[in-house]
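Pasting my_file13.tsv here (TSV, C-alpha atoms):
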```tsv
chain	number	residue	atom	x	y	z
I	24	MET	CA	-18.65	4.84	-5.91
I	25	HIS	CA	-22.36	4.61	-5.49
I	26	PHE	CA	-22.81	1.26	-7.21
I	27	LEU	CA	-22.27	-0.67	-3.93
I	28	LYS	CA	-24.29	1.68	-1.74
I	29	ASP	CA	-27.06	-0.87	-1.18
I	30	TYR	CA	-24.69	-3.81	-0.64
I	31	ARG	CA	-22.98	-2.95	2.62
I	32	LEU	CA	-21.78	-6.46	3.45
I	33	LEU	CA	-20.31	-6.89	-0.03
I	34	SER	CA	-18.62	-3.50	0.29
I	35	LEU	CA	-17.11	-4.48	3.63
I	36	CYS	CA	-15.86	-7.80	2.24
I	37	LEU	CA	-14.29	-6.07	-0.76
I	38	LEU	CA	-12.64	-3.53	1.52
I	39	ILE	CA	-11.14	-6.26	3.70
I	40	ILE	CA	-9.93	-8.27	0.70
I	41	MET	CA	-8.33	-5.25	-0.96
I	42	ARG	CA	-6.65	-4.24	2.31
I	43	LEU	CA	-5.15	-7.72	2.61
I	44	VAL	CA	-3.97	-7.69	-1.01
I	45	THR	CA	-2.44	-4.23	-0.60
I	46	GLY	CA	-0.66	-5.20	2.62
I	47	PHE	CA	0.69	-8.41	1.11
I	48	SER	CA	1.94	-6.75	-2.06
I	49	GLU	CA	3.50	-3.86	-0.15
I	50	GLY	CA	5.38	-6.37	1.96
I	51	LEU	CA	6.71	-8.19	-1.09
I	52	VAL	CA	7.84	-5.03	-2.84
I	53	GLY	CA	9.29	-3.43	0.26
I	54	ARG	CA	11.36	-6.39	1.40
I	55	VAL	CA	13.73	-6.45	-1.58
I	56	GLN	CA	14.09	-2.68	-1.55
I	57	LEU	CA	14.85	-2.65	2.15
I	58	ILE	CA	17.56	-5.30	1.89
I	59	GLY	CA	19.25	-3.36	-0.91
I	60	GLN	CA	19.12	-0.13	1.09
I	61	ILE	CA	20.58	-1.77	4.18
I	62	PHE	CA	23.49	-3.14	2.16
I	63	LYS	CA	24.04	0.25	0.55
I	64	LEU	CA	23.78	2.36	3.74
I	65	ALA	CA	25.53	-0.19	6.00
I	66	VAL	CA	24.14	-1.86	9.08
I	67	ASN	CA	24.62	1.24	11.24
I	68	ASN	CA	21.92	3.10	9.29
I	69	THR	CA	19.27	0.34	9.25
I	70	ALA	CA	16.66	2.52	10.97
I	71	LYS	CA	17.13	5.26	8.39
I	72	ALA	CA	16.70	2.72	5.56
I	73	ILE	CA	13.47	1.42	7.13
I	74	VAL	CA	12.06	4.94	7.50
I	75	TYR	CA	12.86	5.94	3.92
I	76	ASN	CA	11.45	2.68	2.63
I	77	GLY	CA	8.17	3.22	4.50
I	78	ILE	CA	7.84	6.80	3.28
I	79	GLY	CA	8.41	5.75	-0.31
I	80	ASN	CA	6.00	2.80	-0.22
I	81	TYR	CA	3.12	4.61	1.43
I	82	GLY	CA	3.66	7.65	-0.77
I	83	ALA	CA	3.43	5.44	-3.85
I	84	LEU	CA	0.26	3.75	-2.59
I	85	ALA	CA	-1.35	7.08	-1.73
I	86	ALA	CA	-0.48	8.54	-5.13
I	87	GLU	CA	-1.99	5.56	-6.94
I	88	SER	CA	-5.16	5.66	-4.83
I	89	ALA	CA	-5.55	9.41	-5.32
I	90	SER	CA	-5.07	9.07	-9.06
I	91	TRP	CA	-7.68	6.32	-9.25
I	92	CYS	CA	-10.20	8.31	-7.16
I	93	TYR	CA	-9.61	11.45	-9.20
I	94	HIS	CA	-10.38	9.69	-12.48
I	95	GLN	CA	-13.61	8.11	-11.22
```
Would you encode the structure as structure tokens?
Amino acid sequence: MHFLKDYRLLSLCLLIIMRLVTGFSEGLVGRVQLIGQIFKLAVNNTAKAIVYNGIGNYGALAAESASWCYHQ
């Protein structure tokens, strides 16, 4: 990604915007999944549902980012 090497402020702005978009979308996707897992596992296992949900979401984001970087 050398095309923004000379535009450091633009690169920083794009990084901040993409981080906000990623955080917002992860929250939207994760909320519905988490509610379904809590209903399935029962209220006693809420912490376990939250942990598994976080592992799955961040694993999916990392896989997508790695795939995109690999193909550049």
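Nearest residue to Thr69 of chain I among I:Leu38, I:Leu57, I:Leu51, I:Ala89 is I:Leu57, counting all atoms listed in the file.
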Q: Take atom CA of Tyr81 of chain I and atom CA of Gly50 of chain I and report the distance between them in Å, one decimal.
A: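 For atom CA of Tyr81 of chain I relative to atom CA of Gly50 of chain I, the distance reads 11.2 Å.
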Q) Quick one: distance from atom CA of Thr45 of chain I to atom CA of Asn76 of chain I in Å, one decimal? A)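 Calculated distance between atom CA of Thr45 of chain I and atom CA of Asn76 of chain I is 15.8 Å.
Ranking I:Val52, I:Ile58, I:Leu37, I:Ala70 by their shortest atom-to-atom distance to Ala83 of chain I, with only C-alpha atoms included, puts I:Val52 first.
Proximity to segment 60-65 of chain I at 12 Å, evaluated using all atoms listed in the file and with sequence-adjacent residues fewer than 5 positions away removed, yields Gly53, Arg54, Val55, Ala70, Lys71, Ala72, Ile73, Val74, Tyr75, Asn76 and Gly77 of chain I.
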Q.
Rounded to one decimal, what separation in Å do you get between atom CA of Asn80 of chain I and atom CA of Glu49 of chain I?
A.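 Spanning atom CA of Asn80 of chain I to atom CA of Glu49 of chain I is a straight-line distance of 7.1 Å.
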Filled-in N, CA, C and O atoms of segment 37-61 of chain I, supplied as a PDB file, in the frame of the given file:
```pdb
ATOM      1  N   LEU I  37     -15.234  -6.555   0.244  1.00  0.00           N
ATOM      2  CA  LEU I  37     -14.290  -6.070  -0.760  1.00  0.00           C
ATOM      3  C   LEU I  37     -13.216  -5.191  -0.128  1.00  0.00           C
ATOM      4  O   LEU I  37     -12.042  -5.262  -0.501  1.00  0.00           O
ATOM      5  N   LEU I  38     -13.600  -4.380   0.823  1.00  0.00           N
ATOM      6  CA  LEU I  38     -12.640  -3.530   1.520  1.00  0.00           C
ATOM      7  C   LEU I  38     -11.607  -4.364   2.263  1.00  0.00           C
ATOM      8  O   LEU I  38     -10.401  -4.099   2.195  1.00  0.00           O
ATOM      9  N   ILE I  39     -12.055  -5.394   2.954  1.00  0.00           N
ATOM     10  CA  ILE I  39     -11.140  -6.260   3.700  1.00  0.00           C
ATOM     11  C   ILE I  39     -10.212  -7.004   2.751  1.00  0.00           C
ATOM     12  O   ILE I  39      -8.993  -7.078   2.979  1.00  0.00           O
ATOM     13  N   ILE I  40     -10.744  -7.540   1.668  1.00  0.00           N
ATOM     14  CA  ILE I  40      -9.930  -8.270   0.700  1.00  0.00           C
ATOM     15  C   ILE I  40      -8.879  -7.362   0.072  1.00  0.00           C
ATOM     16  O   ILE I  40      -7.703  -7.723  -0.029  1.00  0.00           O
ATOM     17  N   MET I  41      -9.284  -6.173  -0.324  1.00  0.00           N
ATOM     18  CA  MET I  41      -8.330  -5.250  -0.960  1.00  0.00           C
ATOM     19  C   MET I  41      -7.273  -4.779   0.033  1.00  0.00           C
ATOM     20  O   MET I  41      -6.119  -4.562  -0.338  1.00  0.00           O
ATOM     21  N   ARG I  42      -7.632  -4.631   1.291  1.00  0.00           N
ATOM     22  CA  ARG I  42      -6.650  -4.240   2.310  1.00  0.00           C
ATOM     23  C   ARG I  42      -5.626  -5.348   2.499  1.00  0.00           C
ATOM     24  O   ARG I  42      -4.428  -5.084   2.641  1.00  0.00           O
ATOM     25  N   LEU I  43      -6.072  -6.596   2.493  1.00  0.00           N
ATOM     26  CA  LEU I  43      -5.150  -7.720   2.610  1.00  0.00           C
ATOM     27  C   LEU I  43      -4.222  -7.813   1.401  1.00  0.00           C
ATOM     28  O   LEU I  43      -3.014  -8.031   1.544  1.00  0.00           O
ATOM     29  N   VAL I  44      -4.780  -7.643   0.214  1.00  0.00           N
ATOM     30  CA  VAL I  44      -3.970  -7.690  -1.010  1.00  0.00           C
ATOM     31  C   VAL I  44      -2.942  -6.566  -1.013  1.00  0.00           C
ATOM     32  O   VAL I  44      -1.766  -6.768  -1.342  1.00  0.00           O
ATOM     33  N   THR I  45      -3.359  -5.371  -0.637  1.00  0.00           N
ATOM     34  CA  THR I  45      -2.440  -4.230  -0.600  1.00  0.00           C
ATOM     35  C   THR I  45      -1.333  -4.453   0.420  1.00  0.00           C
ATOM     36  O   THR I  45      -0.157  -4.191   0.137  1.00  0.00           O
ATOM     37  N   GLY I  46      -1.673  -4.935   1.592  1.00  0.00           N
ATOM     38  CA  GLY I  46      -0.660  -5.200   2.620  1.00  0.00           C
ATOM     39  C   GLY I  46       0.320  -6.278   2.196  1.00  0.00           C
ATOM     40  O   GLY I  46       1.528  -6.150   2.405  1.00  0.00           O
ATOM     41  N   PHE I  47      -0.177  -7.322   1.573  1.00  0.00           N
ATOM     42  CA  PHE I  47       0.690  -8.410   1.110  1.00  0.00           C
ATOM     43  C   PHE I  47       1.632  -7.935   0.021  1.00  0.00           C
ATOM     44  O   PHE I  47       2.832  -8.187   0.067  1.00  0.00           O
ATOM     45  N   SER I  48       1.097  -7.211  -0.952  1.00  0.00           N
ATOM     46  CA  SER I  48       1.940  -6.750  -2.060  1.00  0.00           C
ATOM     47  C   SER I  48       2.950  -5.710  -1.601  1.00  0.00           C
ATOM     48  O   SER I  48       4.090  -5.695  -2.070  1.00  0.00           O
ATOM     49  N   GLU I  49       2.570  -4.855  -0.675  1.00  0.00           N
ATOM     50  CA  GLU I  49       3.500  -3.860  -0.150  1.00  0.00           C
ATOM     51  C   GLU I  49       4.641  -4.546   0.585  1.00  0.00           C
ATOM     52  O   GLU I  49       5.794  -4.129   0.497  1.00  0.00           O
ATOM     53  N   GLY I  50       4.341  -5.616   1.274  1.00  0.00           N
ATOM     54  CA  GLY I  50       5.380  -6.370   1.960  1.00  0.00           C
ATOM     55  C   GLY I  50       6.354  -7.029   1.000  1.00  0.00           C
ATOM     56  O   GLY I  50       7.558  -7.047   1.234  1.00  0.00           O
ATOM     57  N   LEU I  51       5.835  -7.559  -0.104  1.00  0.00           N
ATOM     58  CA  LEU I  51       6.710  -8.190  -1.090  1.00  0.00           C
ATOM     59  C   LEU I  51       7.619  -7.173  -1.768  1.00  0.00           C
ATOM     60  O   LEU I  51       8.811  -7.407  -1.946  1.00  0.00           O
ATOM     61  N   VAL I  52       7.054  -6.055  -2.158  1.00  0.00           N
ATOM     62  CA  VAL I  52       7.840  -5.030  -2.840  1.00  0.00           C
ATOM     63  C   VAL I  52       8.851  -4.402  -1.889  1.00  0.00           C
ATOM     64  O   VAL I  52      10.009  -4.178  -2.244  1.00  0.00           O
ATOM     65  N   GLY I  53       8.434  -4.124  -0.688  1.00  0.00           N
ATOM     66  CA  GLY I  53       9.290  -3.430   0.260  1.00  0.00           C
ATOM     67  C   GLY I  53      10.461  -4.244   0.770  1.00  0.00           C
ATOM     68  O   GLY I  53      11.501  -3.695   1.105  1.00  0.00           O
ATOM     69  N   ARG I  54      10.304  -5.553   0.828  1.00  0.00           N
ATOM     70  CA  ARG I  54      11.360  -6.390   1.400  1.00  0.00           C
ATOM     71  C   ARG I  54      12.646  -6.322   0.581  1.00  0.00           C
ATOM     72  O   ARG I  54      13.731  -6.125   1.108  1.00  0.00           O
ATOM     73  N   VAL I  55      12.540  -6.462  -0.723  1.00  0.00           N
ATOM     74  CA  VAL I  55      13.730  -6.450  -1.580  1.00  0.00           C
ATOM     75  C   VAL I  55      14.385  -5.069  -1.555  1.00  0.00           C
ATOM     76  O   VAL I  55      15.612  -4.950  -1.470  1.00  0.00           O
ATOM     77  N   GLN I  56      13.574  -4.049  -1.615  1.00  0.00           N
ATOM     78  CA  GLN I  56      14.090  -2.680  -1.550  1.00  0.00           C
ATOM     79  C   GLN I  56      14.835  -2.429  -0.241  1.00  0.00           C
ATOM     80  O   GLN I  56      15.901  -1.818  -0.226  1.00  0.00           O
ATOM     81  N   LEU I  57      14.261  -2.877   0.830  1.00  0.00           N
ATOM     82  CA  LEU I  57      14.850  -2.650   2.150  1.00  0.00           C
ATOM     83  C   LEU I  57      16.193  -3.353   2.279  1.00  0.00           C
ATOM     84  O   LEU I  57      17.154  -2.780   2.797  1.00  0.00           O
ATOM     85  N   ILE I  58      16.290  -4.567   1.814  1.00  0.00           N
ATOM     86  CA  ILE I  58      17.560  -5.300   1.890  1.00  0.00           C
ATOM     87  C   ILE I  58      18.639  -4.580   1.090  1.00  0.00           C
ATOM     88  O   ILE I  58      19.771  -4.430   1.539  1.00  0.00           O
ATOM     89  N   GLY I  59      18.288  -4.103  -0.098  1.00  0.00           N
ATOM     90  CA  GLY I  59      19.250  -3.360  -0.910  1.00  0.00           C
ATOM     91  C   GLY I  59      19.693  -2.070  -0.240  1.00  0.00           C
ATOM     92  O   GLY I  59      20.882  -1.707  -0.277  1.00  0.00           O
ATOM     93  N   GLN I  60      18.764  -1.376   0.403  1.00  0.00           N
ATOM     94  CA  GLN I  60      19.120  -0.130   1.090  1.00  0.00           C
ATOM     95  C   GLN I  60      20.008  -0.390   2.297  1.00  0.00           C
ATOM     96  O   GLN I  60      20.923   0.384   2.574  1.00  0.00           O
ATOM     97  N   ILE I  61      19.751  -1.457   3.017  1.00  0.00           N
ATOM     98  CA  ILE I  61      20.580  -1.770   4.180  1.00  0.00           C
ATOM     99  C   ILE I  61      22.003  -2.091   3.743  1.00  0.00           C
ATOM    100  O   ILE I  61      22.972  -1.640   4.350  1.00  0.00           O
TER     101      ILE I  61
END
```
